Amino acid sequence: MKREEIISEIQRLKQEKEAIILVHNYQRPEIQDIADYLGDSLGLSKIAAESDAKVIVFCGVRFMAESAKILSPEKLVLLPREDAGCELANMATREELMGFKSKYPDACVVSYVNTNADVKAESDVCCTSANAVKVVQNVSAKQIIFVPDRNLANYVQRFTDKEIIPWNGFCYVHDGMKSDVVKQTKDLHPDAKLIVHPECQREVIDLADKVTSTGGMVKFARESNVDKIIIGTEEGIVYRLQKENPQKTFYTAGSARMCRNMKITTLKDVLFALREEKYKIELPDHIVERARIALDKMLEYV
Ligand code: 13P
Ligand code: SF4
């Protein structure tokens, strides 16, 4: 099948099944182009919670599709690639978290949305990179177990006197970005602004003009009058930024960094997902019920 035929079949099936396609900012360009909604983790969770579609095809990674299912359990939620996981999310297990909880019985558990559903079910509240600071500032406990990203935990600590107990997880895409390389890129483009994701290491964050989620980057590129921007996150977002702001110039902070799981979904996979209703996100009721409390609380801080 030619690309145009695949796209028109996707559109036909989408209408027939009353489906919507949610796409994360890191996905391949051709997947971004078929999105009903393109966004960051927080924005897409909100759409999943509010949409009246019967089917959600989630082009992203598993924790995102699981969050959509938890927020809309009555819907059929499909992840076109069963193997689209997130290495960061897999760095925290429920068993390890239970151990942490018994070590710090008075602490509140704030879990980054990049966690598996059973970890969310043991958390008090979730957050994304877009609202982590707000969420932490609003919990009443003085001690917070922040799971699983250590860099985001350390970043959030800058904005609160509460004691953040960081998990030792990291995202290889962001954590692997080295400050000397980022500095070289800044030196090459002295009139550009550097915006980075808070999953980056402290030394990279310290070089940035702005630290924000992928949704925050889209907003900054659109609303600021800066016309040269260095992007410190996964390279997929540059396609969207360039498309929406053709008069501006975007650079990656060093060589482009790619998340393999964000890139495995193809148009053929989306077609297969809609046609065969694969791969269904199915979670035990007791996990959905408990994880929903933490995700609903997160959505109070949109
Ligand atoms: P955002 O929520 O900022 O889109 O980030 C998601 C993610 O996976 C970062 O690596
Ligand atoms: Fe997970 Fe990192 Fe990929 Fe985001 S970029 S999905 S945190 S591995």
# chains A, B, ... in the order shown; residues from 1 in each chain; ligands from 1
>>> residues_near_ligand(ligand="ligand 1", cutoff="9 Å", atoms="only C-alpha atoms and all ligand atoms", output="mmCIF file with all heavy atoms, in the first residue's frame")
data_model
loop_
_atom_site.group_PDB
_atom_site.id
_atom_site.type_symbol
_atom_site.label_atom_id
_atom_site.label_comp_id
_atom_site.auth_asym_id
_atom_site.auth_seq_id
_atom_site.Cartn_x
_atom_site.Cartn_y
_atom_site.Cartn_z
ATOM 1 N N HIS A 24 2.222 11.821 20.770
ATOM 2 C CA HIS A 24 3.191 12.576 21.570
ATOM 3 C C HIS A 24 4.154 13.340 20.652
ATOM 4 O O HIS A 24 4.456 12.897 19.539
ATOM 5 C CB HIS A 24 3.979 11.649 22.519
ATOM 6 C CG HIS A 24 4.840 12.422 23.460
ATOM 7 N ND1 HIS A 24 6.161 12.698 23.192
ATOM 8 C CD2 HIS A 24 4.545 13.052 24.626
ATOM 9 C CE1 HIS A 24 6.653 13.443 24.182
ATOM 10 N NE2 HIS A 24 5.690 13.670 25.072
ATOM 11 N N ASN A 25 4.640 14.460 21.178
ATOM 12 C CA ASN A 25 5.537 15.360 20.430
ATOM 13 C C ASN A 25 6.826 14.715 19.919
ATOM 14 O O ASN A 25 7.521 15.314 19.108
ATOM 15 C CB ASN A 25 5.936 16.544 21.327
ATOM 16 C CG ASN A 25 4.789 17.504 21.563
ATOM 17 O OD1 ASN A 25 4.003 17.770 20.660
ATOM 18 N ND2 ASN A 25 4.682 18.041 22.775
ATOM 19 N N TYR A 26 7.201 13.537 20.436
ATOM 20 C CA TYR A 26 8.445 12.885 19.996
ATOM 21 C C TYR A 26 8.227 11.898 18.850
ATOM 22 O O TYR A 26 9.187 11.276 18.392
ATOM 23 C CB TYR A 26 9.071 12.090 21.145
ATOM 24 C CG TYR A 26 9.562 12.860 22.344
ATOM 25 C CD1 TYR A 26 9.712 12.212 23.579
ATOM 26 C CD2 TYR A 26 9.925 14.198 22.270
ATOM 27 C CE1 TYR A 26 10.186 12.882 24.696
ATOM 28 C CE2 TYR A 26 10.388 14.867 23.389
ATOM 29 C CZ TYR A 26 10.514 14.206 24.601
ATOM 30 O OH TYR A 26 10.991 14.863 25.706
ATOM 31 N N GLY A 39 0.671 16.419 21.522
ATOM 32 C CA GLY A 39 0.975 17.171 22.729
ATOM 33 C C GLY A 39 1.951 16.494 23.657
ATOM 34 O O GLY A 39 2.606 15.507 23.297
ATOM 35 N N ASP A 40 2.037 17.060 24.870
ATOM 36 C CA ASP A 40 2.902 16.485 25.896
ATOM 37 C C ASP A 40 2.084 15.532 26.767
ATOM 38 O O ASP A 40 0.867 15.375 26.566
ATOM 39 C CB ASP A 40 3.606 17.582 26.717
ATOM 40 C CG ASP A 40 2.657 18.432 27.568
ATOM 41 O OD1 ASP A 40 1.439 18.170 27.600
ATOM 42 O OD2 ASP A 40 3.158 19.375 28.231
ATOM 43 N N SER A 41 2.724 14.910 27.730
ATOM 44 C CA SER A 41 2.039 13.893 28.541
ATOM 45 C C SER A 41 0.817 14.470 29.254
ATOM 46 O O SER A 41 -0.224 13.814 29.338
ATOM 47 C CB SER A 41 2.961 13.325 29.612
ATOM 48 O OG SER A 41 4.206 13.027 29.104
ATOM 49 N N LEU A 42 0.968 15.679 29.774
ATOM 50 C CA LEU A 42 -0.138 16.259 30.534
ATOM 51 C C LEU A 42 -1.313 16.598 29.618
ATOM 52 O O LEU A 42 -2.460 16.239 29.894
ATOM 53 C CB LEU A 42 0.340 17.514 31.281
ATOM 54 C CG LEU A 42 -0.665 18.120 32.247
ATOM 55 C CD1 LEU A 42 -1.027 17.135 33.359
ATOM 56 C CD2 LEU A 42 -0.114 19.405 32.883
ATOM 57 N N GLY A 43 -1.021 17.263 28.518
ATOM 58 C CA GLY A 43 -2.081 17.657 27.577
ATOM 59 C C GLY A 43 -2.821 16.443 27.035
ATOM 60 O O GLY A 43 -4.057 16.441 26.934
ATOM 61 N N LEU A 44 -2.088 15.389 26.713
ATOM 62 C CA LEU A 44 -2.729 14.199 26.136
ATOM 63 C C LEU A 44 -3.557 13.466 27.197
ATOM 64 O O LEU A 44 -4.617 12.908 26.887
ATOM 65 C CB LEU A 44 -1.678 13.274 25.510
ATOM 66 C CG LEU A 44 -0.951 13.870 24.284
ATOM 67 C CD1 LEU A 44 0.176 12.946 23.820
ATOM 68 C CD2 LEU A 44 -1.903 14.154 23.121
ATOM 69 N N GLY A 60 2.545 6.775 21.248
ATOM 70 C CA GLY A 60 3.481 7.267 22.249
ATOM 71 C C GLY A 60 4.081 6.030 22.867
ATOM 72 O O GLY A 60 4.363 5.059 22.158
ATOM 73 N N VAL A 61 4.238 6.042 24.182
ATOM 74 C CA VAL A 61 4.753 4.837 24.846
ATOM 75 C C VAL A 61 3.719 4.321 25.856
ATOM 76 O O VAL A 61 2.728 4.997 26.147
ATOM 77 C CB VAL A 61 6.136 5.087 25.504
ATOM 78 C CG1 VAL A 61 7.210 5.277 24.431
ATOM 79 C CG2 VAL A 61 6.102 6.273 26.444
ATOM 80 N N MET A 64 1.844 6.148 28.723
ATOM 81 C CA MET A 64 0.901 7.178 28.273
ATOM 82 C C MET A 64 -0.442 6.529 27.933
ATOM 83 O O MET A 64 -1.510 7.041 28.297
ATOM 84 C CB MET A 64 1.451 7.913 27.052
ATOM 85 C CG MET A 64 2.725 8.674 27.352
ATOM 86 S SD MET A 64 3.397 9.509 25.900
ATOM 87 C CE MET A 64 4.796 10.344 26.663
ATOM 88 N N CYS A 86 8.922 2.386 28.125
ATOM 89 C CA CYS A 86 9.755 3.548 28.481
ATOM 90 C C CYS A 86 10.775 3.042 29.494
ATOM 91 O O CYS A 86 10.401 2.557 30.563
ATOM 92 C CB CYS A 86 8.893 4.658 29.074
ATOM 93 S SG CYS A 86 9.831 5.942 29.945
ATOM 94 N N LEU A 88 12.720 4.611 31.422
ATOM 95 C CA LEU A 88 12.634 5.315 32.709
ATOM 96 C C LEU A 88 11.524 4.708 33.568
ATOM 97 O O LEU A 88 11.725 4.409 34.743
ATOM 98 C CB LEU A 88 12.382 6.811 32.460
ATOM 99 C CG LEU A 88 12.027 7.652 33.687
ATOM 100 C CD1 LEU A 88 13.138 7.616 34.730
ATOM 101 C CD2 LEU A 88 11.747 9.105 33.283
ATOM 102 N N VAL A 113 4.456 10.788 35.789
ATOM 103 C CA VAL A 113 3.525 9.992 34.989
ATOM 104 C C VAL A 113 4.271 8.886 34.220
ATOM 105 O O VAL A 113 3.683 7.871 33.847
ATOM 106 C CB VAL A 113 2.701 10.958 34.087
ATOM 107 C CG1 VAL A 113 3.537 11.472 32.940
ATOM 108 C CG2 VAL A 113 1.418 10.359 33.625
ATOM 109 N N ASN A 114 5.588 9.061 34.057
ATOM 110 C CA ASN A 114 6.425 8.031 33.411
ATOM 111 C C ASN A 114 6.672 6.889 34.395
ATOM 112 O O ASN A 114 7.792 6.645 34.857
ATOM 113 C CB ASN A 114 7.783 8.610 32.991
ATOM 114 C CG ASN A 114 7.686 9.774 32.038
ATOM 115 O OD1 ASN A 114 6.860 10.658 32.220
ATOM 116 N ND2 ASN A 114 8.527 9.803 31.032
ATOM 117 N N THR A 128 3.493 15.516 35.798
ATOM 118 C CA THR A 128 4.311 15.420 34.587
ATOM 119 C C THR A 128 5.377 16.505 34.709
ATOM 120 O O THR A 128 5.385 17.275 35.683
ATOM 121 C CB THR A 128 3.502 15.656 33.288
ATOM 122 O OG1 THR A 128 3.236 17.046 33.179
ATOM 123 C CG2 THR A 128 2.204 14.862 33.261
ATOM 124 N N SER A 129 6.206 16.621 33.691
ATOM 125 C CA SER A 129 7.226 17.668 33.752
ATOM 126 C C SER A 129 6.579 19.046 33.690
ATOM 127 O O SER A 129 7.172 20.030 34.107
ATOM 128 C CB SER A 129 8.223 17.492 32.607
ATOM 129 O OG SER A 129 7.533 17.455 31.384
ATOM 130 N N ALA A 130 5.338 19.109 33.196
ATOM 131 C CA ALA A 130 4.656 20.403 33.068
ATOM 132 C C ALA A 130 4.156 20.922 34.418
ATOM 133 O O ALA A 130 4.009 22.128 34.602
ATOM 134 C CB ALA A 130 3.493 20.286 32.086
ATOM 135 N N CYS A 171 16.269 9.048 32.413
ATOM 136 C CA CYS A 171 15.947 8.785 31.009
ATOM 137 C C CYS A 171 17.257 8.853 30.229
ATOM 138 O O CYS A 171 17.939 9.885 30.270
ATOM 139 C CB CYS A 171 14.973 9.852 30.505
ATOM 140 S SG CYS A 171 14.967 9.963 28.708
ATOM 141 N N VAL A 173 17.872 9.246 27.219
ATOM 142 C CA VAL A 173 17.891 10.258 26.153
ATOM 143 C C VAL A 173 18.329 11.612 26.737
ATOM 144 O O VAL A 173 19.186 12.298 26.177
ATOM 145 C CB VAL A 173 16.490 10.399 25.505
ATOM 146 C CG1 VAL A 173 16.495 11.476 24.428
ATOM 147 C CG2 VAL A 173 16.025 9.067 24.957
ATOM 148 N N HIS A 174 17.750 11.971 27.871
ATOM 149 C CA HIS A 174 18.035 13.280 28.468
ATOM 150 C C HIS A 174 19.268 13.266 29.364
ATOM 151 O O HIS A 174 20.074 14.194 29.345
ATOM 152 C CB HIS A 174 16.817 13.752 29.266
ATOM 153 C CG HIS A 174 15.646 14.069 28.389
ATOM 154 N ND1 HIS A 174 14.718 13.123 28.011
ATOM 155 C CD2 HIS A 174 15.283 15.222 27.778
ATOM 156 C CE1 HIS A 174 13.826 13.684 27.212
ATOM 157 N NE2 HIS A 174 14.139 14.953 27.049
ATOM 158 N N HIS A 197 14.574 20.132 28.722
ATOM 159 C CA HIS A 197 13.600 19.352 29.486
ATOM 160 C C HIS A 197 14.167 19.087 30.886
ATOM 161 O O HIS A 197 15.377 18.867 31.024
ATOM 162 C CB HIS A 197 13.353 18.025 28.741
ATOM 163 C CG HIS A 197 12.098 17.353 29.167
ATOM 164 N ND1 HIS A 197 12.039 16.552 30.290
ATOM 165 C CD2 HIS A 197 10.843 17.356 28.639
ATOM 166 C CE1 HIS A 197 10.798 16.097 30.418
ATOM 167 N NE2 HIS A 197 10.052 16.566 29.432
ATOM 168 N N PRO A 198 13.326 19.079 31.927
ATOM 169 C CA PRO A 198 13.863 18.873 33.282
ATOM 170 C C PRO A 198 14.365 17.454 33.561
ATOM 171 O O PRO A 198 14.851 17.193 34.668
ATOM 172 C CB PRO A 198 12.679 19.240 34.185
ATOM 173 C CG PRO A 198 11.470 19.109 33.343
ATOM 174 C CD PRO A 198 11.905 19.425 31.943
ATOM 175 N N GLU A 199 14.269 16.546 32.602
ATOM 176 C CA GLU A 199 14.894 15.224 32.774
ATOM 177 C C GLU A 199 16.402 15.296 32.499
ATOM 178 O O GLU A 199 17.111 14.308 32.649
ATOM 179 C CB GLU A 199 14.265 14.194 31.828
ATOM 180 C CG GLU A 199 12.880 13.752 32.245
ATOM 181 C CD GLU A 199 12.244 12.819 31.230
ATOM 182 O OE1 GLU A 199 12.948 12.268 30.376
ATOM 183 O OE2 GLU A 199 11.017 12.654 31.289
ATOM 184 N N THR A 212 11.478 23.322 30.695
ATOM 185 C CA THR A 212 10.044 23.106 30.556
ATOM 186 C C THR A 212 9.732 21.765 29.872
ATOM 187 O O THR A 212 10.615 21.107 29.325
ATOM 188 C CB THR A 212 9.408 24.298 29.779
ATOM 189 O OG1 THR A 212 7.989 24.179 29.796
ATOM 190 C CG2 THR A 212 9.878 24.388 28.339
ATOM 191 N N SER A 213 8.454 21.400 29.930
ATOM 192 C CA SER A 213 7.968 20.174 29.275
ATOM 193 C C SER A 213 7.971 20.375 27.755
ATOM 194 O O SER A 213 8.158 21.504 27.270
ATOM 195 C CB SER A 213 6.524 19.912 29.714
ATOM 196 O OG SER A 213 5.698 20.940 29.205
ATOM 197 N N THR A 214 7.682 19.324 27.021
ATOM 198 C CA THR A 214 7.641 19.497 25.563
ATOM 199 C C THR A 214 6.501 20.455 25.174
ATOM 200 O O THR A 214 6.637 21.232 24.231
ATOM 201 C CB THR A 214 7.501 18.146 24.828
ATOM 202 O OG1 THR A 214 6.257 17.538 25.168
ATOM 203 C CG2 THR A 214 8.643 17.214 25.158
ATOM 204 N N GLY A 215 5.409 20.407 25.920
ATOM 205 C CA GLY A 215 4.304 21.341 25.649
ATOM 206 C C GLY A 215 4.738 22.774 25.901
ATOM 207 O O GLY A 215 4.379 23.702 25.162
ATOM 208 N N GLY A 216 5.553 22.965 26.960
ATOM 209 C CA GLY A 216 6.078 24.291 27.276
ATOM 210 C C GLY A 216 7.004 24.791 26.169
ATOM 211 O O GLY A 216 7.046 25.991 25.873
ATOM 212 N N MET A 217 7.714 23.878 25.549
ATOM 213 C CA MET A 217 8.620 24.268 24.450
ATOM 214 C C MET A 217 7.815 24.751 23.236
ATOM 215 O O MET A 217 8.186 25.729 22.582
ATOM 216 C CB MET A 217 9.502 23.073 24.040
ATOM 217 C CG MET A 217 10.484 22.683 25.124
ATOM 218 S SD MET A 217 11.498 21.272 24.641
ATOM 219 C CE MET A 217 12.414 20.994 26.159
ATOM 220 N N THR A 233 16.045 18.348 24.174
ATOM 221 C CA THR A 233 15.155 17.203 24.461
ATOM 222 C C THR A 233 15.228 16.245 23.273
ATOM 223 O O THR A 233 16.061 16.434 22.364
ATOM 224 C CB THR A 233 13.703 17.670 24.756
ATOM 225 O OG1 THR A 233 12.971 16.562 25.295
ATOM 226 C CG2 THR A 233 12.973 18.165 23.529
ATOM 227 N N GLU A 234 14.348 15.241 23.261
ATOM 228 C CA GLU A 234 14.326 14.269 22.170
ATOM 229 C C GLU A 234 14.074 15.002 20.852
ATOM 230 O O GLU A 234 13.270 15.942 20.795
ATOM 231 C CB GLU A 234 13.219 13.245 22.461
ATOM 232 C CG GLU A 234 13.432 11.870 21.895
ATOM 233 C CD GLU A 234 12.933 11.661 20.480
ATOM 234 O OE1 GLU A 234 12.238 12.573 19.953
ATOM 235 O OE2 GLU A 234 13.216 10.616 19.898
ATOM 236 N N CYS A 259 14.748 8.764 21.155
ATOM 237 C CA CYS A 259 14.173 7.721 22.016
ATOM 238 C C CYS A 259 13.682 6.597 21.100
ATOM 239 O O CYS A 259 12.757 6.791 20.321
ATOM 240 C CB CYS A 259 13.015 8.293 22.830
ATOM 241 S SG CYS A 259 12.090 7.019 23.706
ATOM 242 N N MET A 262 9.957 5.761 21.185
ATOM 243 C CA MET A 262 9.076 6.778 20.623
ATOM 244 C C MET A 262 9.074 6.723 19.093
ATOM 245 O O MET A 262 8.223 7.306 18.446
ATOM 246 C CB MET A 262 9.522 8.172 21.072
ATOM 247 C CG MET A 262 9.045 8.524 22.460
ATOM 248 S SD MET A 262 7.266 8.876 22.421
ATOM 249 C CE MET A 262 7.005 9.338 24.133
#
>>> residues_around(residues="segment 81-85 of chain A", least_positions_apart="5", cutoff="12 Å", atoms="only C-alpha atoms", output="NGL selection string")
:A and (27 or 57-66 or 90-91 or 114-116 or 259-274 or 277-282)
>>> write_last_selection(atoms="C-alpha atoms", output="short mmCIF file (atom, residue, chain, number, x, y, z; two decimals), in the first residue's frame")
data_model
loop_
_atom_site.label_atom_id
_atom_site.label_comp_id
_atom_site.auth_asym_id
_atom_site.auth_seq_id
_atom_site.Cartn_x
_atom_site.Cartn_y
_atom_site.Cartn_z
CA GLN A 27 6.73 10.69 17.41
CA VAL A 57 -5.21 5.11 19.47
CA PHE A 58 -2.21 6.25 21.49
CA CYS A 59 0.94 6.90 19.49
CA GLY A 60 3.48 7.27 22.25
CA VAL A 61 4.75 4.84 24.85
CA ARG A 62 2.97 2.39 27.13
CA PHE A 63 2.73 4.51 30.29
CA MET A 64 0.90 7.18 28.27
CA ALA A 65 -1.62 4.70 26.88
CA GLU A 66 -2.07 3.19 30.35
CA ASN A 90 10.69 0.46 34.00
CA MET A 91 13.27 1.68 36.54
CA ASN A 114 6.42 8.03 33.41
CA THR A 115 5.67 5.06 35.69
CA ASN A 116 3.87 1.77 35.20
CA CYS A 259 14.17 7.72 22.02
CA ARG A 260 13.97 4.35 20.24
CA ASN A 261 10.59 3.51 21.75
CA MET A 262 9.08 6.78 20.62
CA LYS A 263 10.20 6.07 17.08
CA ILE A 264 9.02 2.49 16.53
CA THR A 265 5.41 3.33 15.67
CA THR A 266 4.82 3.59 11.91
CA LEU A 267 1.77 4.44 9.81
CA LYS A 268 1.33 0.72 9.07
CA ASP A 269 1.23 0.02 12.81
CA VAL A 270 -1.51 2.64 13.27
CA LEU A 271 -3.53 1.09 10.45
CA PHE A 272 -3.07 -2.37 11.94
CA ALA A 273 -4.09 -1.06 15.37
CA LEU A 274 -7.36 0.38 14.06
CA GLU A 277 -8.08 -3.39 17.50
CA LYS A 278 -4.59 -4.10 18.73
CA TYR A 279 -2.91 -3.78 21.18
CA LYS A 280 -5.58 -3.31 23.81
CA ILE A 281 -4.52 -1.78 27.10
CA GLU A 282 -6.02 -3.97 29.81
#
>>> closest_residue(among="A:Phe159, A:Tyr37, A:Tyr112, A:Phe170", to="Phe146 of chain A", atoms="only C-alpha atoms")
A:Tyr112
>>> residues_around(residues="Pro166 of chain A", least_positions_apart="4", cutoff="7 Å", atoms="only C-alpha atoms", output="count of residues only")
5
>>> atom_distance(atom1="atom CA of Lys297 of chain A", atom2="atom CA of Ala117 of chain A")
15.2 Å
>>> residues_around(residues="Gly232 of chain A", least_positions_apart="4", cutoff="12 Å", atoms="only C-alpha atoms", output="JSON, numbers by chain")
{"A": [173, 174, 175, 176, 177, 178, 179, 181, 182, 183, 185, 186, 193, 194, 195, 196, 197, 198, 199, 200, 201, 204, 205, 207, 208, 209, 210, 211, 212, 213, 214, 217, 236, 237, 238, 250, 251, 252, 253, 254, 255, 256, 257, 258]}
>>> select_by_dssp(residues="segment 113-180 of chain A", states="strand (DSSP E or B)", output="list of chain:residue names")
A:Val125, A:Cys126, A:Cys127, A:Gln143, A:Ile144, A:Ile145, A:Phe146, A:Val147, A:Asp149, A:Glu163, A:Ile164, A:Ile165, A:Pro166, A:Gly169
>>> write_last_selection(atoms="N, CA, C and O atoms", output="compact mmCIF listing (two decimals), in the first residue's frame")
# COMPACT_ATOMS: atom_id res chain seq x y z
N VAL A 125 -0.10 11.04 44.40
CA VAL A 125 -0.43 11.96 43.30
C VAL A 125 0.60 11.77 42.19
O VAL A 125 1.76 11.46 42.45
N CYS A 126 0.16 11.95 40.94
CA CYS A 126 1.09 11.91 39.81
C CYS A 126 1.41 13.34 39.37
O CYS A 126 0.73 14.29 39.76
N CYS A 127 2.42 13.45 38.55
CA CYS A 127 2.73 14.75 37.94
C CYS A 127 3.40 14.49 36.61
O CYS A 127 3.78 13.35 36.32
N GLN A 143 7.85 15.48 53.66
CA GLN A 143 8.80 14.58 52.99
C GLN A 143 8.11 13.99 51.77
O GLN A 143 6.95 13.57 51.86
N ILE A 144 8.83 13.95 50.65
CA ILE A 144 8.22 13.45 49.41
C ILE A 144 9.12 12.41 48.75
O ILE A 144 10.29 12.68 48.47
N ILE A 145 8.56 11.24 48.52
CA ILE A 145 9.28 10.25 47.71
C ILE A 145 8.93 10.60 46.27
O ILE A 145 7.75 10.59 45.89
N PHE A 146 9.95 10.93 45.48
CA PHE A 146 9.69 11.34 44.10
C PHE A 146 10.23 10.26 43.17
O PHE A 146 11.44 10.01 43.11
N VAL A 147 9.34 9.64 42.44
CA VAL A 147 9.71 8.47 41.64
C VAL A 147 9.32 8.68 40.18
O VAL A 147 8.27 9.25 39.91
N ASP A 149 12.33 9.69 38.30
CA ASP A 149 13.41 10.44 37.63
C ASP A 149 14.20 11.31 38.61
O ASP A 149 13.68 12.28 39.15
N GLU A 163 11.48 18.05 51.95
CA GLU A 163 12.58 17.13 51.64
C GLU A 163 12.16 16.17 50.52
O GLU A 163 11.21 15.40 50.68
N ILE A 164 12.85 16.27 49.40
CA ILE A 164 12.54 15.36 48.28
C ILE A 164 13.49 14.17 48.38
O ILE A 164 14.71 14.34 48.39
N ILE A 165 12.91 13.00 48.43
CA ILE A 165 13.73 11.77 48.45
C ILE A 165 13.69 11.21 47.03
O ILE A 165 12.68 10.67 46.59
N PRO A 166 14.79 11.42 46.28
CA PRO A 166 14.72 11.03 44.87
C PRO A 166 14.93 9.54 44.65
O PRO A 166 15.67 8.89 45.38
N GLY A 169 16.26 6.83 39.19
CA GLY A 169 15.98 6.52 37.78
C GLY A 169 16.38 7.69 36.89
O GLY A 169 16.57 8.81 37.35
>>> closest_residue(among="A:Ile229, A:Ile7, A:Val218, A:Cys108", to="Ala294 of chain A", atoms="only C-alpha atoms")
A:Cys108
>>> atom_distance(atom1="atom CA of Leu22 of chain A", atom2="atom CA of Ile56 of chain A")
7.0 Å
>>> atom_distance(atom1="atom CA of Lys162 of chain A", atom2="atom CA of Lys120 of chain A")
21.3 Å
>>> closest_residue(among="A:Pro29, A:Gly99, A:Pro73, A:Pro148", to="ligand 2", atoms="only C-alpha atoms and all ligand atoms")
A:Pro148
>>> closest_residue(among="A:Glu9, A:Glu203, A:Asp124, A:Asp187", to="Asn154 of chain A", atoms="only C-alpha atoms")
A:Glu203
>>> select_by_dssp(residues="segment 104-247 of chain A", states="helix (DSSP H, G or I)", output="ChimeraX atom specification")
/A:117-120,132-138,150-157,172-175,179-188,202-205,214-223,237-244
>>> residues_around(residues="segment 49-51 of chain A", least_positions_apart="6", cutoff="9 Å", atoms="only C-alpha atoms", output="list in words")
Ile20, Ala68, Lys69, Ile70, Leu71 and Ser72 of chain A
>>> write_last_selection(atoms="N, CA, C and O atoms", output="CSV table (one decimal), in the first residue's frame")
chain,number,residue,atom,x,y,z
A,20,ILE,N,-10.1,8.4,18.1
A,20,ILE,CA,-9.2,9.6,17.9
A,20,ILE,C,-7.7,9.1,18.1
A,20,ILE,O,-7.5,8.1,18.7
A,68,ALA,N,-4.2,6.9,29.8
A,68,ALA,CA,-5.4,7.2,29.1
A,68,ALA,C,-6.5,6.1,29.5
A,68,ALA,O,-7.6,6.5,29.7
A,69,LYS,N,-6.1,4.9,29.6
A,69,LYS,CA,-7.0,3.8,30.0
A,69,LYS,C,-7.5,4.1,31.5
A,69,LYS,O,-8.7,3.9,31.8
A,70,ILE,N,-6.6,4.4,32.3
A,70,ILE,CA,-7.0,4.7,33.7
A,70,ILE,C,-8.0,5.8,33.8
A,70,ILE,O,-8.9,5.8,34.6
A,71,LEU,N,-7.7,6.9,33.0
A,71,LEU,CA,-8.6,8.0,33.1
A,71,LEU,C,-9.9,7.8,32.3
A,71,LEU,O,-10.9,8.5,32.6
A,72,SER,N,-9.9,6.9,31.4
A,72,SER,CA,-11.1,6.6,30.6
A,72,SER,C,-11.3,5.1,30.5
A,72,SER,O,-11.2,4.5,29.4
>>> closest_residue(among="A:Asp285, A:Asp118, A:Glu235, A:Asp180", to="ligand 2", atoms="only C-alpha atoms and all ligand atoms")
A:Glu235
>>> closest_residue(among="A:Asp206, A:Glu95, A:Glu16, A:Glu74", to="Val119 of chain A", atoms="only C-alpha atoms")
A:Glu95
>>> residues_around(residues="Ala53 of chain A", least_positions_apart="5", cutoff="10 Å", atoms="only C-alpha atoms", output="VMD selection string")
chain A and resid 14 17 to 21 48 75 to 76
>>> write_last_selection(atoms="C-alpha atoms", output="compact mmCIF listing (two decimals), in the first residue's frame")
# COMPACT_ATOMS: atom_id res chain seq x y z
CA LYS A 14 -11.14 6.28 12.50
CA LYS A 17 -14.90 3.26 14.88
CA GLU A 18 -15.33 6.74 16.40
CA ALA A 19 -11.66 6.81 17.25
CA ILE A 20 -9.19 9.59 17.95
CA ILE A 21 -5.46 9.48 17.47
CA ALA A 48 -8.01 11.23 27.17
CA LYS A 75 -12.90 3.37 26.25
CA LEU A 76 -10.96 1.00 24.08
>>> residues_around(residues="segment 135-140 of chain A", least_positions_apart="3", cutoff="7 Å", atoms="only C-alpha atoms", output="number ranges by chain")
A: 127, 131-132, 160, 301
